[in-house]
Structures are given as C-alpha cells and as structure tokens.
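J.: Just so it is clear, I am handing over final-v5.pdb, which has PDB, C-alpha atoms and all ligand atoms.
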ATOM      1  CA  MET A   1     -23.979  17.066 -22.424  1.00  0.00           C
ATOM      2  CA  ALA A   2     -22.677  16.645 -18.884  1.00  0.00           C
ATOM      3  CA  GLU A   3     -18.996  15.991 -18.484  1.00  0.00           C
ATOM      4  CA  GLU A   4     -18.191  12.455 -17.448  1.00  0.00           C
ATOM      5  CA  LYS A   5     -17.085  12.094 -13.850  1.00  0.00           C
ATOM      6  CA  LYS A   6     -13.383  11.358 -13.468  1.00  0.00           C
ATOM      7  CA  SER A   7     -12.008   8.677 -11.201  1.00  0.00           C
ATOM      8  CA  PRO A   8      -8.571   8.263  -9.662  1.00  0.00           C
ATOM      9  CA  VAL A   9      -6.329   5.718 -11.342  1.00  0.00           C
ATOM     10  CA  ILE A  10      -3.478   4.636  -9.076  1.00  0.00           C
ATOM     11  CA  ASP A  11      -0.149   3.540 -10.525  1.00  0.00           C
ATOM     12  CA  LYS A  12       0.835   0.570  -8.357  1.00  0.00           C
ATOM     13  CA  GLU A  13       4.492   0.929  -9.324  1.00  0.00           C
ATOM     14  CA  MET A  14       4.633   4.556  -8.130  1.00  0.00           C
ATOM     15  CA  CYS A  15       2.580   4.262  -4.936  1.00  0.00           C
ATOM     16  CA  THR A  16       4.673   3.941  -1.760  1.00  0.00           C
ATOM     17  CA  GLY A  17       1.687   3.385   0.538  1.00  0.00           C
ATOM     18  CA  CYS A  18       2.268   6.643   2.442  1.00  0.00           C
ATOM     19  CA  GLU A  19      -1.495   7.079   3.066  1.00  0.00           C
ATOM     20  CA  ILE A  20      -1.486  10.824   2.375  1.00  0.00           C
ATOM     21  CA  CYS A  21      -4.211  10.462  -0.256  1.00  0.00           C
ATOM     22  CA  ILE A  22      -6.279   8.381   2.162  1.00  0.00           C
ATOM     23  CA  ASP A  23      -6.112  11.163   4.757  1.00  0.00           C
ATOM     24  CA  GLU A  24      -6.902  13.810   2.129  1.00  0.00           C
ATOM     25  CA  CYS A  25      -9.960  12.139   0.628  1.00  0.00           C
ATOM     26  CA  PRO A  26     -13.026  13.988   1.984  1.00  0.00           C
ATOM     27  CA  ASN A  27     -15.241  10.997   1.230  1.00  0.00           C
ATOM     28  CA  LYS A  28     -13.081   8.224   2.710  1.00  0.00           C
ATOM     29  CA  ALA A  29     -13.179   6.354  -0.590  1.00  0.00           C
ATOM     30  CA  LEU A  30      -9.554   5.171  -0.413  1.00  0.00           C
ATOM     31  CA  GLU A  31      -7.830   2.489   1.663  1.00  0.00           C
ATOM     32  CA  LEU A  32      -4.532   0.640   1.449  1.00  0.00           C
ATOM     33  CA  VAL A  33      -4.823  -2.812  -0.088  1.00  0.00           C
ATOM     34  CA  ASP A  34      -1.581  -4.802   0.126  1.00  0.00           C
ATOM     35  CA  ASP A  35       0.208  -1.496   0.949  1.00  0.00           C
ATOM     36  CA  ILE A  36      -1.063   0.201  -2.223  1.00  0.00           C
ATOM     37  CA  ALA A  37      -3.752   2.875  -2.267  1.00  0.00           C
ATOM     38  CA  SER A  38      -7.002   1.627  -3.752  1.00  0.00           C
ATOM     39  CA  VAL A  39     -10.450   3.140  -4.365  1.00  0.00           C
ATOM     40  CA  VAL A  40     -12.246   0.589  -2.207  1.00  0.00           C
ATOM     41  CA  ARG A  41     -15.483   2.607  -2.029  1.00  0.00           C
ATOM     42  CA  VAL A  42     -15.938   3.662  -5.638  1.00  0.00           C
ATOM     43  CA  GLN A  43     -19.537   4.703  -4.920  1.00  0.00           C
ATOM     44  CA  ASP A  44     -18.297   7.277  -2.382  1.00  0.00           C
ATOM     45  CA  CYS A  45     -15.782   8.927  -4.738  1.00  0.00           C
ATOM     46  CA  ASP A  46     -17.087  12.168  -6.232  1.00  0.00           C
ATOM     47  CA  GLY A  47     -14.105  12.727  -8.511  1.00  0.00           C
ATOM     48  CA  CYS A  48     -12.838  15.809  -6.645  1.00  0.00           C
ATOM     49  CA  GLY A  49      -9.179  15.029  -7.460  1.00  0.00           C
ATOM     50  CA  LYS A  50      -7.809  15.886  -4.006  1.00  0.00           C
ATOM     51  CA  CYS A  51      -6.090  12.507  -3.765  1.00  0.00           C
ATOM     52  CA  ALA A  52      -4.236  13.103  -7.024  1.00  0.00           C
ATOM     53  CA  GLU A  53      -3.200  16.599  -5.897  1.00  0.00           C
ATOM     54  CA  SER A  54      -1.955  15.334  -2.534  1.00  0.00           C
ATOM     55  CA  CYS A  55       0.152  12.404  -3.718  1.00  0.00           C
ATOM     56  CA  PRO A  56       3.856  13.296  -3.388  1.00  0.00           C
ATOM     57  CA  ASN A  57       4.780  10.635  -5.949  1.00  0.00           C
ATOM     58  CA  GLU A  58       2.258  11.603  -8.632  1.00  0.00           C
ATOM     59  CA  ALA A  59       0.962   8.043  -8.492  1.00  0.00           C
ATOM     60  CA  ILE A  60      -2.653   9.130  -9.010  1.00  0.00           C
ATOM     61  CA  THR A  61      -4.094  10.337 -12.312  1.00  0.00           C
ATOM     62  CA  MET A  62      -7.697  11.441 -12.779  1.00  0.00           C
ATOM     63  CA  LYS A  63      -9.154   9.730 -15.840  1.00  0.00           C
TER      64      LYS A  63
HETATM   65  S1  LIG B   1     -11.192  11.917  -6.285  1.00  0.00           S
HETATM   66 FE1  LIG B   1     -11.759  12.874  -4.323  1.00  0.00          FE
HETATM   67  S2  LIG B   1     -13.411  11.578  -3.525  1.00  0.00           S
HETATM   68 FE2  LIG B   1     -12.372  10.401  -5.113  1.00  0.00          FE
HETATM   69  S3  LIG B   1     -10.862   9.165  -4.029  1.00  0.00           S
HETATM   70 FE3  LIG B   1      -9.830  11.064  -4.704  1.00  0.00          FE
HETATM   71  S4  LIG B   1     -10.023  12.480  -2.974  1.00  0.00           S
HETATM   72 FE4  LIG B   1     -11.490  10.817  -2.660  1.00  0.00          FE
HETATM   73  S1  LIG B   2      -0.445   9.577  -1.664  1.00  0.00           S
HETATM   74 FE1  LIG B   2       0.372   8.539  -3.492  1.00  0.00          FE
HETATM   75  S2  LIG B   2       2.069   7.305  -2.733  1.00  0.00           S
HETATM   76 FE2  LIG B   2       0.842   7.888  -0.959  1.00  0.00          FE
HETATM   77  S3  LIG B   2      -0.563   6.167  -0.669  1.00  0.00           S
HETATM   78 FE3  LIG B   2      -1.606   7.687  -1.962  1.00  0.00          FE
HETATM   79  S4  LIG B   2      -1.166   7.045  -4.083  1.00  0.00           S
HETATM   80 FE4  LIG B   2       0.274   5.987  -2.744  1.00  0.00          FE
END
Render the structure in this file as structure tokens.
T.:
Amino acid sequence: MAEEKKSPVIDKEMCTGCEICIDECPNKALELVDDIASVVRVQDCDGCGKCAESCPNEAITMK
C-alpha cells in the first residue's frame, strides 16, 4: 500500500511570519495569511518537507 502523502501543519503560536518557508517551497504552495504561514495552495504541495526543514522556529510539522 502506498504511503499517505504528508502535509505541513503550521503552529500559529510558533510562526513569526519570517517567510523563510515561503521562499524555500519549490511549489509556491505557501503564503502569509494575517502574518502567519499558510498552505494556501494545498493542491500544489507535494509533501516534500522543505518548509518544515527550513523553519528556524520549528513551527512546521509534517503530518
Ligand atoms: S511540503 Fe514542500 S511543497 Fe509542501 S508546502 Fe512544504 S515546501 Fe512546499
Ligand atoms: S519559516 Fe517558520 S516562522 Fe517563518 S514563516 Fe515559515 S512557519 Fe513561520
């Protein structure tokens, strides 16, 4: 059985809105919404995890 694709879950309390994850996303799936990173284009996210790796505040978890 194929492994289920993971998606980034952003902790709104931990996100400082630095935009690093937005710059790192190869698929431009993230944007700031009210100064918090958000997966605004869920269909474009391939679950690569680069956003989670790049966040200096560990605000993103792949689930
Ligand atoms: S998992 Fe990859 S494609 Fe999805 S939002 Fe993060 S960096 Fe972008
Ligand atoms: S890298 Fe982390 S702190 Fe910066 S905008 Fe993205 S989720 Fe928020």
J.: Give the padded box for ligand LIG 2 (chain B) as AutoDock Vina command-line options: axis-aligned, covering all atoms listed in the file, 4 Å on each side, centre and edge lengths in Å to one decimal.
T.:
--center_x 0.2 --center_y 7.8 --center_z -2.4 --size_x 11.7 --size_y 11.6 --size_z 11.4
J.: Distance limit 8 Å, reference ligand LIG 2 (chain B), atoms considered: all atoms listed in the file. Which residues make the cut? Give them as a list in words.
T.: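 Every residue with an atom at most 8 Å from ligand LIG 2 (chain B) is listed here: Ile10, Asp11, Lys12, Met14, Cys15, Thr16, Gly17, Cys18, Glu19, Ile20, Cys21, Ile22, Leu32, Asp35, Ile36, Ala37, Ser38, Cys51, Ala52, Ser54, Cys55, Pro56, Asn57, Glu58, Ala59 and Ile60 of chain A.
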J.: If the limit is 9 Å from any atom of ligand LIG 1 (chain B), counting all atoms listed in the file, which residues qualify? Return them as an MDAnalysis selection string.
T.: chainID A and resid 6:8 21:30 38:42 44:54 60 62
J.: Any chance you could build segment 24-48 of chain A out to N, CA and C atoms and write it as a compact mmCIF listing (two decimals), in the frame of the given file?
T.:
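See part_0.txt below for the written result:
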# COMPACT_ATOMS: atom_id res chain seq x y z
N GLU A 24 -6.39 12.63 2.84
CA GLU A 24 -6.90 13.81 2.13
C GLU A 24 -8.29 13.60 1.52
N CYS A 25 -8.66 12.39 1.28
CA CYS A 25 -9.96 12.14 0.63
C CYS A 25 -11.11 12.54 1.54
N PRO A 26 -11.93 13.53 1.13
CA PRO A 26 -13.03 13.99 1.98
C PRO A 26 -14.14 12.96 2.10
N ASN A 27 -14.15 11.98 1.23
CA ASN A 27 -15.24 11.00 1.23
C ASN A 27 -14.81 9.61 1.69
N LYS A 28 -13.59 9.50 2.19
CA LYS A 28 -13.08 8.22 2.71
C LYS A 28 -13.27 7.07 1.71
N ALA A 29 -12.99 7.38 0.45
CA ALA A 29 -13.18 6.35 -0.59
C ALA A 29 -11.95 5.46 -0.77
N LEU A 30 -10.81 5.89 -0.20
CA LEU A 30 -9.55 5.17 -0.41
C LEU A 30 -9.13 4.39 0.83
N GLU A 31 -8.47 3.27 0.60
CA GLU A 31 -7.83 2.49 1.66
C GLU A 31 -6.58 1.86 1.06
N LEU A 32 -5.66 1.42 1.95
CA LEU A 32 -4.53 0.64 1.45
C LEU A 32 -4.97 -0.81 1.28
N VAL A 33 -4.61 -1.38 0.16
CA VAL A 33 -4.82 -2.81 -0.09
C VAL A 33 -3.46 -3.37 -0.48
N ASP A 34 -2.94 -4.28 0.34
CA ASP A 34 -1.58 -4.80 0.13
C ASP A 34 -0.56 -3.66 0.00
N ASP A 35 -0.71 -2.64 0.87
CA ASP A 35 0.21 -1.50 0.95
C ASP A 35 0.17 -0.58 -0.26
N ILE A 36 -0.88 -0.68 -1.07
CA ILE A 36 -1.06 0.20 -2.22
C ILE A 36 -2.43 0.86 -2.08
N ALA A 37 -2.47 2.18 -2.35
CA ALA A 37 -3.75 2.88 -2.27
C ALA A 37 -4.73 2.33 -3.30
N SER A 38 -5.99 2.19 -2.87
CA SER A 38 -7.00 1.63 -3.75
C SER A 38 -8.35 2.31 -3.49
N VAL A 39 -9.12 2.54 -4.53
CA VAL A 39 -10.45 3.14 -4.36
C VAL A 39 -11.41 2.01 -3.97
N VAL A 40 -11.45 1.73 -2.67
CA VAL A 40 -12.25 0.59 -2.21
C VAL A 40 -13.74 0.92 -2.15
N ARG A 41 -14.07 2.22 -2.03
CA ARG A 41 -15.48 2.61 -2.03
C ARG A 41 -15.74 3.53 -3.23
N VAL A 42 -15.78 2.92 -4.38
CA VAL A 42 -15.94 3.66 -5.64
C VAL A 42 -17.21 4.51 -5.60
N GLN A 43 -18.25 3.99 -4.98
CA GLN A 43 -19.54 4.70 -4.92
C GLN A 43 -19.44 5.99 -4.10
N ASP A 44 -18.45 6.08 -3.22
CA ASP A 44 -18.30 7.28 -2.38
C ASP A 44 -17.42 8.34 -3.04
N CYS A 45 -16.69 7.99 -4.07
CA CYS A 45 -15.78 8.93 -4.74
C CYS A 45 -16.58 9.87 -5.63
N ASP A 46 -16.37 11.19 -5.41
CA ASP A 46 -17.09 12.17 -6.23
C ASP A 46 -16.20 12.79 -7.32
N GLY A 47 -14.98 12.26 -7.45
CA GLY A 47 -14.10 12.73 -8.51
C GLY A 47 -13.47 14.08 -8.25
N CYS A 48 -13.34 14.46 -6.98
CA CYS A 48 -12.84 15.81 -6.64
C CYS A 48 -11.37 16.01 -7.02
